[in-house]
$ cat coords-v5.txt   # compact mmCIF, C-alpha atoms
# COMPACT_ATOMS: atom_id res chain seq x y z
CA ASP K 119 -19.15 28.07 14.64
CA GLN K 120 -18.57 25.12 16.97
CA GLN K 121 -21.69 22.98 16.68
CA VAL K 122 -20.40 20.31 19.07
CA LYS K 123 -18.58 21.42 22.20
CA GLN K 124 -16.72 19.59 24.91
CA ASN K 125 -16.06 22.34 27.40
CA SER K 126 -13.79 20.36 29.71
CA PRO K 127 -10.38 19.81 28.11
CA SER K 128 -9.39 17.35 30.84
CA LEU K 129 -10.77 15.22 33.65
CA SER K 130 -9.01 13.25 36.36
CA VAL K 131 -10.71 10.52 38.42
CA GLN K 132 -9.65 7.79 40.78
CA GLU K 133 -9.71 4.17 39.68
CA GLY K 134 -13.03 2.53 40.55
CA ARG K 135 -14.97 5.80 40.61
CA ILE K 136 -17.33 7.14 37.97
CA SER K 137 -16.08 9.24 35.04
CA ILE K 138 -18.59 11.63 33.49
CA LEU K 139 -17.71 13.28 30.20
CA ASN K 140 -19.98 15.97 28.84
CA CYS K 141 -20.85 17.25 25.40
CA ASP K 142 -23.15 20.05 24.24
CA TYR K 143 -24.48 20.71 20.77
CA THR K 144 -26.27 23.59 19.10
CA ASN K 145 -27.82 22.06 15.99
CA SER K 146 -31.31 20.71 16.74
CA MET K 147 -31.18 18.67 13.50
CA PHE K 148 -28.59 16.28 14.96
CA ASP K 149 -30.23 12.91 15.49
CA TYR K 150 -27.34 10.50 15.97
CA PHE K 151 -24.55 10.81 18.49
CA LEU K 152 -21.38 8.82 19.04
CA TRP K 153 -18.51 8.63 21.48
CA TYR K 154 -15.00 7.70 20.39
CA LYS K 155 -11.90 6.95 22.44
CA LYS K 156 -8.48 7.88 21.13
CA TYR K 157 -4.97 7.06 22.26
CA PRO K 158 -2.05 9.25 21.11
CA ALA K 159 -0.88 8.58 17.54
CA GLU K 160 -3.73 6.13 16.93
CA GLY K 161 -7.09 6.34 15.21
CA PRO K 162 -10.27 6.84 17.27
CA THR K 163 -12.06 3.71 18.43
CA PHE K 164 -15.84 3.65 18.43
CA LEU K 165 -17.29 3.25 21.93
CA ILE K 166 -21.03 3.75 21.96
CA SER K 167 -23.76 5.58 20.10
CA ILE K 168 -27.29 6.81 20.69
CA SER K 169 -30.14 7.77 18.41
CA SER K 170 -32.28 10.80 19.23
CA ILE K 171 -35.31 8.56 19.77
CA LYS K 172 -33.65 7.27 22.93
CA ASP K 173 -32.43 9.00 26.06
CA LYS K 174 -30.09 6.28 27.29
CA ASN K 175 -27.93 3.54 25.85
CA GLU K 176 -25.79 1.17 27.88
CA ASP K 177 -22.94 -1.14 26.91
CA GLY K 178 -21.06 -2.75 29.75
CA ARG K 179 -19.28 -0.08 31.77
CA PHE K 180 -20.28 2.66 29.31
CA THR K 181 -23.60 4.50 29.34
CA VAL K 182 -24.55 7.45 27.18
CA PHE K 183 -27.34 9.80 28.23
CA LEU K 184 -29.06 12.20 25.84
CA ASN K 185 -31.06 15.23 26.95
CA LYS K 186 -32.55 16.65 23.77
CA SER K 187 -34.23 19.62 25.42
CA ALA K 188 -30.90 20.74 26.84
CA LYS K 189 -28.97 19.65 23.73
CA HIS K 190 -26.61 17.78 26.00
CA LEU K 191 -25.15 14.31 26.12
CA SER K 192 -22.87 12.63 28.57
CA LEU K 193 -20.78 9.49 28.76
CA HIS K 194 -20.58 7.64 32.07
CA ILE K 195 -17.82 5.12 32.70
CA VAL K 196 -18.36 2.95 35.77
CA PRO K 197 -16.09 1.76 37.26
CA SER K 198 -13.22 3.71 35.74
CA GLN K 199 -10.02 1.81 35.01
CA PRO K 200 -6.48 3.08 34.29
CA GLY K 201 -6.80 1.68 30.75
CA ASP K 202 -9.64 4.13 30.16
CA SER K 203 -7.11 6.99 30.18
CA ALA K 204 -7.38 8.51 26.71
CA VAL K 205 -8.95 11.38 24.78
CA TYR K 206 -12.71 11.05 24.35
CA PHE K 207 -14.50 12.69 21.44
CA CYS K 208 -18.21 13.11 21.04
CA ALA K 209 -19.59 13.40 17.52
CA ALA K 210 -22.98 14.16 16.02
CA SER K 211 -24.68 13.77 12.68
CA SER K 212 -28.07 14.45 11.13
CA SER K 213 -30.07 12.44 8.63
CA GLY K 214 -30.11 15.38 6.27
CA ASN K 215 -26.36 15.91 6.39
CA THR K 216 -25.18 12.92 4.34
CA GLY K 217 -23.68 11.26 7.38
CA LYS K 218 -21.10 13.92 8.04
CA LEU K 219 -19.86 13.65 11.61
CA ILE K 220 -19.21 16.84 13.54
CA PHE K 221 -16.67 16.29 16.31
CA GLY K 222 -16.11 18.05 19.60
CA GLN K 223 -12.62 19.13 20.62
CA GLY K 224 -12.09 16.16 22.91
CA THR K 225 -11.67 15.62 26.66
CA THR K 226 -8.55 13.99 28.05
CA LEU K 227 -9.45 11.51 30.78
CA GLN K 228 -6.86 10.39 33.29
CA VAL K 229 -7.75 7.54 35.61
CA LYS K 230 -5.37 7.32 38.54
CA PRO K 231 -4.59 3.95 40.14
CA ASP T 271 -9.09 -9.93 9.93
CA GLY T 272 -11.00 -6.93 8.61
CA GLY T 273 -9.98 -3.36 9.12
CA ILE T 274 -8.65 -0.11 7.77
CA THR T 275 -4.98 0.39 7.04
CA GLN T 276 -3.17 3.66 6.44
CA SER T 277 0.34 4.14 5.20
CA PRO T 278 2.83 5.45 5.84
CA LYS T 279 2.66 6.05 9.59
CA TYR T 280 4.90 9.11 9.21
CA LEU T 281 5.39 11.19 6.07
CA PHE T 282 7.65 14.15 5.41
CA ARG T 283 6.86 16.75 2.79
CA LYS T 284 9.22 19.27 1.25
CA GLU T 285 8.11 22.70 0.15
CA GLY T 286 6.20 22.61 -3.14
CA GLN T 287 5.85 18.85 -3.09
CA ASN T 288 2.68 16.82 -3.46
CA VAL T 289 2.37 13.76 -1.24
CA THR T 290 -0.17 10.95 -1.23
CA LEU T 291 -1.52 9.18 1.83
CA SER T 292 -2.85 5.68 1.39
CA CYS T 293 -6.08 4.29 2.89
CA GLU T 294 -7.31 0.74 2.30
CA GLN T 295 -10.25 -1.10 3.84
CA ASN T 296 -11.41 -4.71 3.57
CA LEU T 297 -14.68 -4.20 5.42
CA ASN T 298 -16.71 -4.04 2.21
CA HIS T 299 -17.83 -0.54 3.20
CA ASP T 300 -19.28 1.74 0.56
CA ALA T 301 -18.47 5.05 2.24
CA MET T 302 -15.01 6.39 3.05
CA TYR T 303 -13.80 9.61 4.65
CA TRP T 304 -10.68 11.66 5.29
CA TYR T 305 -10.27 13.77 8.41
CA ARG T 306 -7.57 16.02 9.70
CA GLN T 307 -6.74 16.45 13.40
CA ASP T 308 -4.74 19.38 14.76
CA PRO T 309 -3.50 19.58 18.36
CA GLY T 310 -6.27 20.37 20.84
CA GLN T 311 -8.93 20.20 18.18
CA GLY T 312 -11.52 17.75 17.01
CA LEU T 313 -11.49 16.01 13.67
CA ARG T 314 -12.39 18.04 10.59
CA LEU T 315 -13.71 16.47 7.40
CA ILE T 316 -11.60 16.93 4.26
CA TYR T 317 -13.34 14.72 1.68
CA TYR T 318 -15.81 11.85 1.65
CA SER T 319 -16.95 9.27 -0.86
CA GLN T 320 -20.28 7.53 -0.97
CA ILE T 321 -19.37 5.02 -3.64
CA VAL T 322 -16.74 4.21 -6.24
CA ASN T 323 -15.97 7.07 -8.64
CA ASP T 324 -17.87 9.54 -6.48
CA PHE T 325 -16.51 11.94 -3.87
CA GLN T 326 -17.52 15.21 -2.27
CA LYS T 327 -15.70 18.06 -0.57
CA GLY T 328 -15.89 18.28 3.19
CA ASP T 329 -15.34 21.35 5.35
CA ILE T 330 -11.64 21.89 4.60
CA ALA T 331 -11.01 20.50 1.09
CA GLU T 332 -8.79 23.31 -0.20
CA GLY T 333 -5.30 22.07 -1.01
CA TYR T 334 -6.33 18.40 -1.05
CA SER T 335 -7.48 15.96 -3.72
CA VAL T 336 -8.81 12.40 -3.64
CA SER T 337 -9.76 9.56 -5.94
CA ARG T 338 -11.99 6.52 -5.52
CA GLU T 339 -11.21 4.11 -8.33
CA LYS T 340 -11.73 1.02 -6.20
CA LYS T 341 -14.15 0.32 -3.37
CA GLU T 342 -11.31 -0.65 -1.07
CA SER T 343 -9.08 2.37 -1.65
CA PHE T 344 -9.42 6.11 -1.02
CA PRO T 345 -6.03 7.86 -1.36
CA LEU T 346 -5.59 11.48 -0.29
CA THR T 347 -3.12 13.82 -2.00
CA VAL T 348 -1.87 16.82 -0.07
CA THR T 349 -0.91 19.32 -2.73
CA SER T 350 1.54 22.21 -2.58
CA ALA T 351 -1.51 24.50 -2.38
CA GLN T 352 -2.12 23.31 1.19
CA LYS T 353 -0.17 25.91 3.16
CA ASN T 354 -0.43 24.30 6.56
CA PRO T 355 -0.27 20.56 5.97
CA THR T 356 1.31 19.48 9.26
CA ALA T 357 -1.35 17.41 11.00
CA PHE T 358 -2.53 13.93 11.86
CA TYR T 359 -4.62 12.49 9.01
CA LEU T 360 -7.29 9.90 9.66
CA CYS T 361 -9.18 7.76 7.20
CA ALA T 362 -12.53 6.22 8.10
CA SER T 363 -15.20 4.06 6.50
CA SER T 364 -18.81 3.13 7.12
CA THR T 365 -21.26 0.67 5.61
CA HIS T 366 -23.10 3.43 3.83
CA LEU T 367 -23.28 7.19 3.88
CA GLY T 368 -25.73 8.42 6.47
CA LYS T 369 -26.48 7.65 10.10
CA GLU T 370 -23.78 5.04 10.36
CA THR T 371 -20.90 4.41 12.71
CA GLN T 372 -17.59 5.30 11.13
CA TYR T 373 -14.54 3.16 11.81
CA PHE T 374 -11.09 4.70 11.72
CA GLY T 375 -7.65 3.69 10.55
CA PRO T 376 -4.48 4.21 12.64
CA GLY T 377 -3.63 7.56 11.05
CA THR T 378 -0.70 9.17 9.22
CA ARG T 379 1.37 11.96 10.74
CA LEU T 380 2.44 14.45 8.05
CA LEU T 381 5.36 16.76 8.78
CA VAL T 382 6.83 19.52 6.66
CA LEU T 383 10.61 19.74 6.22
$ encode --input "coords-v5.txt" --output "structure tokens"
Amino acid sequence: DQQVKQNSPSLSVQEGRISILNCDYTNSMFDYFLWYKKYPAEGPTFLISISSIKDKNEDGRFTVFLNKSAKHLSLHIVPSQPGDSAVYFCAASSSGNTGKLIFGQGTTLQVKP
Amino acid sequence: DGGITQSPKYLFRKEGQNVTLSCEQNLNHDAMYWYRQDPGQGLRLIYYSQIVNDFQKGDIAEGYSVSREKKESFPLTVTSAQKNPTAFYLCASSTHLGKETQYFGPGTRLLVL
């Protein structure tokens, strides 16, 4: 039972344009969401998070949007840079789940110069 | 320079052999975690620890064991009972258990000879 899904395995965008990565979840108890970036053979790096009391959180070029009614979140990267090319994982947790993070399968982003 | 270190970067296991993966953090975090990543999949939780001398099974604990004798250290042993150990293993830590951002180490690639 995949509680967190990233339905697009890959995404390719041109440098300078917007990258939009999507994530869907099924568990309505999730109340904290995170995005991680991962390069091959390295550990994931934390990018940005959002609590369920908000619908948007912004940090520089990265913005996360949360639509609780649709159980959907997205990560916007504007403008995209070649160094953003990596695998992006969304993750979710709930207060009643002892902090366990549930990860999506990941989306590979390629930003072309 | 605070962070999480994992060693070795690559580890080879023979049939019937137990191997131990090291994870150390100097972030003064109470909670630590072990995840496994397989190709094309998200991270799955093996074990987690809220505090010294306490640890709990995650979603895929069979064939693994851990200890938490010191706050800074959370070693993972892959036992011979783990029939499919080839994977990328990631250690993480957070300030406390709960709705907290987890920070990851660089990972250990385990291969079976």
$ interface_residues --input "coords-v5.txt" --of "chain K" --to "chain T" --cutoff "7 Å" --atoms "only C-alpha atoms" --output "PDB file with C-alpha atoms, keeping the file's coordinate frame"
ATOM      1  CA  TYR K 150     -27.340  10.500  15.970  1.00  0.00           C
ATOM      2  CA  GLU K 160      -3.730   6.130  16.930  1.00  0.00           C
ATOM      3  CA  GLY K 161      -7.090   6.340  15.210  1.00  0.00           C
ATOM      4  CA  PRO K 162     -10.270   6.840  17.270  1.00  0.00           C
ATOM      5  CA  THR K 163     -12.060   3.710  18.430  1.00  0.00           C
ATOM      6  CA  PHE K 164     -15.840   3.650  18.430  1.00  0.00           C
ATOM      7  CA  SER K 211     -24.680  13.770  12.680  1.00  0.00           C
ATOM      8  CA  SER K 213     -30.070  12.440   8.630  1.00  0.00           C
ATOM      9  CA  THR K 216     -25.180  12.920   4.340  1.00  0.00           C
ATOM     10  CA  GLY K 217     -23.680  11.260   7.380  1.00  0.00           C
ATOM     11  CA  PHE K 221     -16.670  16.290  16.310  1.00  0.00           C
ATOM     12  CA  GLY K 222     -16.110  18.050  19.600  1.00  0.00           C
ATOM     13  CA  GLN K 223     -12.620  19.130  20.620  1.00  0.00           C
ATOM     14  CA  GLY K 224     -12.090  16.160  22.910  1.00  0.00           C
TER      15      GLY K 224
END
$ residues_around --input "coords-v5.txt" --residues "Glu176 (chain K)" --least-positions-apart "3" --cutoff "10 Å" --atoms "all atoms listed in the file" --output "PyMOL selection string"
chain K and resi 166-168+179-183+193-194
$ atom_distance --input "coords-v5.txt" --atom1 "CA of His299 (chain T)" --atom2 "CA of Gly333 (chain T)"
26.2 Å
$ atom_distance --input "coords-v5.txt" --atom1 "CA of Asn298 (chain T)" --atom2 "CA of Ala210 (chain K)"
23.7 Å
$ residues_around --input "coords-v5.txt" --residues "region 336-348 of chain T" --least-positions-apart "6" --cutoff "8 Å" --atoms "all atoms listed in the file" --output "NGL selection string"
:T and (288-296 or 298-300 or 302-304 or 317 or 319 or 321-325 or 355)
$ write_last_selection --input "coords-v5.txt" --atoms "C-alpha atoms" --output "mmCIF file, in the frame of the given file"
data_model
loop_
_atom_site.group_PDB
_atom_site.id
_atom_site.type_symbol
_atom_site.label_atom_id
_atom_site.label_comp_id
_atom_site.auth_asym_id
_atom_site.auth_seq_id
_atom_site.Cartn_x
_atom_site.Cartn_y
_atom_site.Cartn_z
ATOM 1 C CA ASN T 288 2.680 16.820 -3.460
ATOM 2 C CA VAL T 289 2.370 13.760 -1.240
ATOM 3 C CA THR T 290 -0.170 10.950 -1.230
ATOM 4 C CA LEU T 291 -1.520 9.180 1.830
ATOM 5 C CA SER T 292 -2.850 5.680 1.390
ATOM 6 C CA CYS T 293 -6.080 4.290 2.890
ATOM 7 C CA GLU T 294 -7.310 0.740 2.300
ATOM 8 C CA GLN T 295 -10.250 -1.100 3.840
ATOM 9 C CA ASN T 296 -11.410 -4.710 3.570
ATOM 10 C CA ASN T 298 -16.710 -4.040 2.210
ATOM 11 C CA HIS T 299 -17.830 -0.540 3.200
ATOM 12 C CA ASP T 300 -19.280 1.740 0.560
ATOM 13 C CA MET T 302 -15.010 6.390 3.050
ATOM 14 C CA TYR T 303 -13.800 9.610 4.650
ATOM 15 C CA TRP T 304 -10.680 11.660 5.290
ATOM 16 C CA TYR T 317 -13.340 14.720 1.680
ATOM 17 C CA SER T 319 -16.950 9.270 -0.860
ATOM 18 C CA ILE T 321 -19.370 5.020 -3.640
ATOM 19 C CA VAL T 322 -16.740 4.210 -6.240
ATOM 20 C CA ASN T 323 -15.970 7.070 -8.640
ATOM 21 C CA ASP T 324 -17.870 9.540 -6.480
ATOM 22 C CA PHE T 325 -16.510 11.940 -3.870
ATOM 23 C CA PRO T 355 -0.270 20.560 5.970
#
$ atom_distance --input "coords-v5.txt" --atom1 "CA of Tyr143 (chain K)" --atom2 "CA of Pro200 (chain K)"
28.6 Å
$ residues_near_point --input "coords-v5.txt" --point "(-6.0, 5.7, 42.5)" --cutoff "10 Å" --atoms "all atoms listed in the file" --output "MDAnalysis selection string"
chainID K and resid 131:135 199:200 229:231
$ closest_residue --input "coords-v5.txt" --among "K:Ser198, K:Asn175, K:Ser130, K:Gln120" --to "Leu227 (chain K)" --atoms "only C-alpha atoms"
K:Ser130
$ closest_residue --input "coords-v5.txt" --among "T:Ile330, T:Ile316, T:Leu381, T:Leu281" --to "Thr356 (chain T)" --atoms "all atoms listed in the file"
T:Leu381
$ residues_around --input "coords-v5.txt" --residues "Leu191 (chain K)" --least-positions-apart "5" --cutoff "7 Å" --atoms "only C-alpha atoms" --output "ChimeraX atom specification"
/K:140-142,182-185
$ residues_around --input "coords-v5.txt" --residues "Ser146 (chain K)" --least-positions-apart "2" --cutoff "10 Å" --atoms "all atoms listed in the file" --output "VMD selection string"
chain K and resid 121 143 to 144 148 to 149 186 to 187 189 212
$ residues_near_point --input "coords-v5.txt" --point "(-1.2, 22.4, -6.9)" --cutoff "10 Å" --atoms "all atoms listed in the file" --output "PyMOL selection string"
chain T and resi 286-288+333-335+348-352
$ residues_around --input "coords-v5.txt" --residues "Trp153 (chain K)" --least-positions-apart "3" --cutoff "6 Å" --atoms "all atoms listed in the file" --output "PyMOL selection string"
chain K and resi 165-166+207-208
$ write_last_selection --input "coords-v5.txt" --atoms "C-alpha atoms" --output "PDB file, in the coordinates of the input"
ATOM      1  CA  LEU K 165     -17.290   3.250  21.930  1.00  0.00           C
ATOM      2  CA  ILE K 166     -21.030   3.750  21.960  1.00  0.00           C
ATOM      3  CA  PHE K 207     -14.500  12.690  21.440  1.00  0.00           C
ATOM      4  CA  CYS K 208     -18.210  13.110  21.040  1.00  0.00           C
TER       5      CYS K 208
END
$ build_atoms --input "coords-v5.txt" --residues "region 187-215 of chain K" --atoms "N, CA and C atoms" --output "CSV table (one decimal), in the frame of the given file"
chain,number,residue,atom,x,y,z
K,187,SER,N,-33.8,18.3,25.1
K,187,SER,CA,-34.2,19.6,25.4
K,187,SER,C,-33.1,20.5,25.8
K,188,ALA,N,-32.1,20.0,26.4
K,188,ALA,CA,-30.9,20.7,26.8
K,188,ALA,C,-29.8,20.7,25.8
K,189,LYS,N,-30.0,19.9,24.8
K,189,LYS,CA,-29.0,19.6,23.7
K,189,LYS,C,-27.6,19.2,24.4
K,190,HIS,N,-27.7,18.2,25.2
K,190,HIS,CA,-26.6,17.8,26.0
K,190,HIS,C,-26.5,16.3,26.0
K,191,LEU,N,-25.3,15.7,25.9
K,191,LEU,CA,-25.2,14.3,26.1
K,191,LEU,C,-23.9,14.1,27.0
K,192,SER,N,-24.0,12.9,27.7
K,192,SER,CA,-22.9,12.6,28.6
K,192,SER,C,-22.5,11.2,28.5
K,193,LEU,N,-21.3,10.9,28.7
K,193,LEU,CA,-20.8,9.5,28.8
K,193,LEU,C,-20.4,9.2,30.2
K,194,HIS,N,-20.9,8.1,30.7
K,194,HIS,CA,-20.6,7.6,32.1
K,194,HIS,C,-19.8,6.4,32.0
K,195,ILE,N,-18.7,6.3,32.7
K,195,ILE,CA,-17.8,5.1,32.7
K,195,ILE,C,-17.8,4.7,34.2
K,196,VAL,N,-18.3,3.5,34.4
K,196,VAL,CA,-18.4,3.0,35.8
K,196,VAL,C,-18.1,1.4,35.8
K,197,PRO,N,-17.1,1.0,36.6
K,197,PRO,CA,-16.1,1.8,37.3
K,197,PRO,C,-15.0,2.2,36.3
K,198,SER,N,-14.3,3.3,36.6
K,198,SER,CA,-13.2,3.7,35.7
K,198,SER,C,-12.0,2.9,36.0
K,199,GLN,N,-11.2,2.6,34.9
K,199,GLN,CA,-10.0,1.8,35.0
K,199,GLN,C,-8.9,2.6,34.4
K,200,PRO,N,-7.6,2.3,34.9
K,200,PRO,CA,-6.5,3.1,34.3
K,200,PRO,C,-6.4,3.0,32.8
K,201,GLY,N,-6.8,1.9,32.2
K,201,GLY,CA,-6.8,1.7,30.8
K,201,GLY,C,-7.8,2.6,30.0
K,202,ASP,N,-8.7,3.2,30.8
K,202,ASP,CA,-9.6,4.1,30.2
K,202,ASP,C,-9.0,5.5,29.9
K,203,SER,N,-7.8,5.7,30.4
K,203,SER,CA,-7.1,7.0,30.2
K,203,SER,C,-6.8,7.2,28.7
K,204,ALA,N,-7.4,8.2,28.1
K,204,ALA,CA,-7.4,8.5,26.7
K,204,ALA,C,-8.1,9.8,26.4
K,205,VAL,N,-8.1,10.2,25.2
K,205,VAL,CA,-9.0,11.4,24.8
K,205,VAL,C,-10.3,10.9,24.3
K,206,TYR,N,-11.4,11.5,24.7
K,206,TYR,CA,-12.7,11.0,24.4
K,206,TYR,C,-13.3,12.2,23.5
K,207,PHE,N,-13.8,11.8,22.3
K,207,PHE,CA,-14.5,12.7,21.4
K,207,PHE,C,-16.0,12.3,21.3
K,208,CYS,N,-16.8,13.3,21.4
K,208,CYS,CA,-18.2,13.1,21.0
K,208,CYS,C,-18.4,13.6,19.6
K,209,ALA,N,-19.3,13.0,18.9
K,209,ALA,CA,-19.6,13.4,17.5
K,209,ALA,C,-21.1,13.3,17.3
K,210,ALA,N,-21.6,14.1,16.3
K,210,ALA,CA,-23.0,14.2,16.0
K,210,ALA,C,-23.2,14.2,14.5
K,211,SER,N,-24.3,13.7,14.1
K,211,SER,CA,-24.7,13.8,12.7
K,211,SER,C,-26.2,13.9,12.6
K,212,SER,N,-26.6,14.3,11.4
K,212,SER,CA,-28.1,14.4,11.1
K,212,SER,C,-28.4,13.7,9.9
K,213,SER,N,-29.6,13.2,9.8
K,213,SER,CA,-30.1,12.4,8.6
K,213,SER,C,-30.0,13.2,7.3
K,214,GLY,N,-30.1,14.6,7.5
K,214,GLY,CA,-30.1,15.4,6.3
K,214,GLY,C,-28.7,15.9,5.9
K,215,ASN,N,-27.7,15.4,6.6
K,215,ASN,CA,-26.4,15.9,6.4
K,215,ASN,C,-25.4,14.9,5.8
